[in-house]
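S.K.: The structure that follows is given in the form of structure tokens.
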Amino acid sequence: MSKTVSLLSALLCTFIWGTTFIAQDTGMDDIGPFTFNAVRFFVGFLAILPLVFLFEIKKFKSEFKLDIKTFVILSALIGISLFLGSALQQVALLHTDVANAAFFTIFYVPMVPIIVFLFKKKSIHWSVWPSVVLCLIGGYLLTNFYDATVRLGDSLVLLGAFFWSTHIIFTGMIVIRYNLPLTIGALQTLIVAVFSFIIGSIYEEFILKNILKEIDSILYAGILSGGFAFVLQIYAQRRIAPAPAAIIFSLEGVFATIAAWFLLNQILDINNILGCFFILCGVLLSQLLPLMKKTA
């Protein structure tokens, strides 16, 4: 039952991330990328903080008896990974289109199992690799990438995909040790907000009037994506290993495509539908094939 709840949490998290891609792109009409991220993640922090006091503050003493130093180090690594991944993705959207950004972001799917294998020396179920290939093919078909020109922004998104992968890996490490998903979520959003504010204050202007013009996009991306979706990710990874979790999160592209069709009236062609099918097959393979081995 707990594995089912984790899978549902991962799917809901991915749905929010996918629909947020539109808010991320439209939310920079009047403000810069670091201003957007600073306000967005601070809003996410404010949304999670009351829940920390309601549900987790009493658990601090027992949880931190284990090793508070490890908790601080891993929380910092998660926050920095999230900051770099989201910053590179947000800046890249100024220099490339959403199609390219969505395609190169999905490269965190193969990066996660490769990094886990190289640095943690953990064996990975063989089903991960065909699932990864299916997800990459699906991502390619979803974005109509063949119609676009590769730009400088694409390399920023690809670099950002590396930090999305380290964020997934570090999250998998911390949730095994500490049962504090809300606290971890609040800390990482605060770290991203602070770093974004520092860089934004140097290179951009924080103008309240302009920020308020983008308030709808900020609230959606902040409360749902920057706040609760990352908490759902943390909760999901308590029962799902990093490599199959990354495959599930690749459904972000499917949900983004459906949202663009529903909200922006973008037409779904046969390639988009095939892309959704390939990613769905990859996700199902990563979850079902390991179960067949256990029941055999």
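A note on labels: chains of the structure tokens are A, B, ... as shown, every chain counts residues from 1, and ligands are counted from 1 in their shown order.
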Going by DSSP on the backbone, which bits of range 146-266 of chain A are helix (DSSP H, G or I)? Write them as JSON, numbers by chain, please.
M.R.: {"A": [146, 147, 152, 153, 154, 155, 156, 157, 158, 159, 160, 161, 162, 163, 164, 165, 166, 167, 168, 169, 170, 171, 172, 173, 174, 175, 176, 177, 181, 182, 183, 184, 185, 186, 187, 188, 189, 190, 191, 192, 193, 194, 195, 196, 197, 198, 199, 200, 201, 202, 203, 208, 209, 210, 211, 212, 213, 215, 216, 217, 218, 219, 220, 221, 222, 223, 224, 225, 226, 227, 228, 229, 230, 231, 232, 233, 234, 235, 236, 242, 243, 244, 245, 246, 247, 248, 249, 252, 253, 254, 255, 256, 257, 258, 259, 260, 261, 262, 263]}
S.K.: At most 10 Å is the cut-off: for each residue in range 173-195 of chain A with any atom that close to an atom of range 48-65 of chain A, write down the nearest atom pair and the distance in Å rounded to one decimal, counting only C-alpha atoms, chain first then increasing number, as CSV.
M.R.:
```
residue,atom,partner,partner_atom,distance
A:Arg177,CA,A:Glu63,CA,8.5
A:Tyr178,CA,A:Glu63,CA,6.2
A:Asn179,CA,A:Glu63,CA,7.3
A:Leu180,CA,A:Glu56,CA,6.7
A:Pro181,CA,A:Glu56,CA,8.8
A:Leu182,CA,A:Val52,CA,5.7
A:Thr183,CA,A:Val52,CA,5.8
A:Ile184,CA,A:Val52,CA,9.4
A:Gly185,CA,A:Ile48,CA,7.4
A:Ala186,CA,A:Ile48,CA,5.8
A:Leu187,CA,A:Leu49,CA,9.2
A:Thr189,CA,A:Ile48,CA,9.2
```
S.K.: Which of these, A:Val132, A:Ala161, A:Leu74, A:Ile207, has the shortest distance to Phe107 in chain A once you count only C-alpha atoms?
M.R.: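 Smallest separation from Phe107 in chain A among the options: A:Ala161.
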S.K.: Report the distance between CA of Ser6 in chain A and CA of Phe277 in chain A in Å, rounded to one decimal place.
M.R.: 22.5 Å
S.K.: Residues within 10 Å of range 214-229 of chain A, please, as a count of residues only. Count only C-alpha atoms; anything in the same chain fewer than 2 positions from it doesn't count.
M.R.: 53
S.K.: Rounded to one decimal place, report the CA of Gly253 in chain A-CA of Cys276 in chain A distance in Å.
M.R.: 8.1 Å
S.K.: Measuring atom to atom with only C-alpha atoms, identify which of A:Ile168, A:Ala193, A:Ala76, A:Leu134 is nearest to Leu280 in chain A.
M.R.: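 Nearest to Leu280 in chain A: A:Leu134.
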S.K.: Can you tell me how far CA of Arg239 in chain A sits from CA of Gln287 in chain A, in Å to one decimal?
M.R.: 12.0 Å
S.K.: Give me the residues within 9 Å of Ile80 in chain A as a PyMOL selection string, counting only C-alpha atoms and dropping any in the same chain fewer than 5 places off.
M.R.: chain A and resi 75+85+163+167+188+191-192+195
S.K.: Write the residues of the selection above to a file with N, CA and C atoms, as a PDB file, in the first residue's frame.
M.R.:
```pdb
ATOM      1  N   SER A  75      20.942  18.314   2.941  1.00  0.00           N
ATOM      2  CA  SER A  75      19.968  19.372   2.672  1.00  0.00           C
ATOM      3  C   SER A  75      20.598  20.472   1.810  1.00  0.00           C
ATOM      4  N   GLY A  85      19.737  23.561 -11.109  1.00  0.00           N
ATOM      5  CA  GLY A  85      18.861  22.982 -12.130  1.00  0.00           C
ATOM      6  C   GLY A  85      17.771  23.939 -12.563  1.00  0.00           C
ATOM      7  N   PHE A 163      22.063  18.618 -12.935  1.00  0.00           N
ATOM      8  CA  PHE A 163      21.744  18.996 -11.551  1.00  0.00           C
ATOM      9  C   PHE A 163      20.363  18.499 -11.128  1.00  0.00           C
ATOM     10  N   HIS A 167      19.885  16.145  -7.885  1.00  0.00           N
ATOM     11  CA  HIS A 167      18.820  16.448  -6.921  1.00  0.00           C
ATOM     12  C   HIS A 167      18.012  15.191  -6.601  1.00  0.00           C
ATOM     13  N   GLN A 188      14.978  23.268   1.123  1.00  0.00           N
ATOM     14  CA  GLN A 188      15.497  23.387  -0.236  1.00  0.00           C
ATOM     15  C   GLN A 188      14.883  24.571  -0.972  1.00  0.00           C
ATOM     16  N   ILE A 191      16.653  27.703   0.288  1.00  0.00           N
ATOM     17  CA  ILE A 191      18.001  27.816  -0.270  1.00  0.00           C
ATOM     18  C   ILE A 191      17.938  28.370  -1.695  1.00  0.00           C
ATOM     19  N   VAL A 192      17.019  27.837  -2.503  1.00  0.00           N
ATOM     20  CA  VAL A 192      16.874  28.315  -3.883  1.00  0.00           C
ATOM     21  C   VAL A 192      16.453  29.782  -3.907  1.00  0.00           C
ATOM     22  N   PHE A 195      19.573  32.071  -2.868  1.00  0.00           N
ATOM     23  CA  PHE A 195      20.588  32.165  -3.923  1.00  0.00           C
ATOM     24  C   PHE A 195      20.050  32.933  -5.134  1.00  0.00           C
TER      25      PHE A 195
END
```
S.K.: Could you give me, as a count of residues only, the residues within 9 Å of Leu7 in chain A, counting only C-alpha atoms and dropping anything in the same chain fewer than 4 positions from it?
M.R.: 10
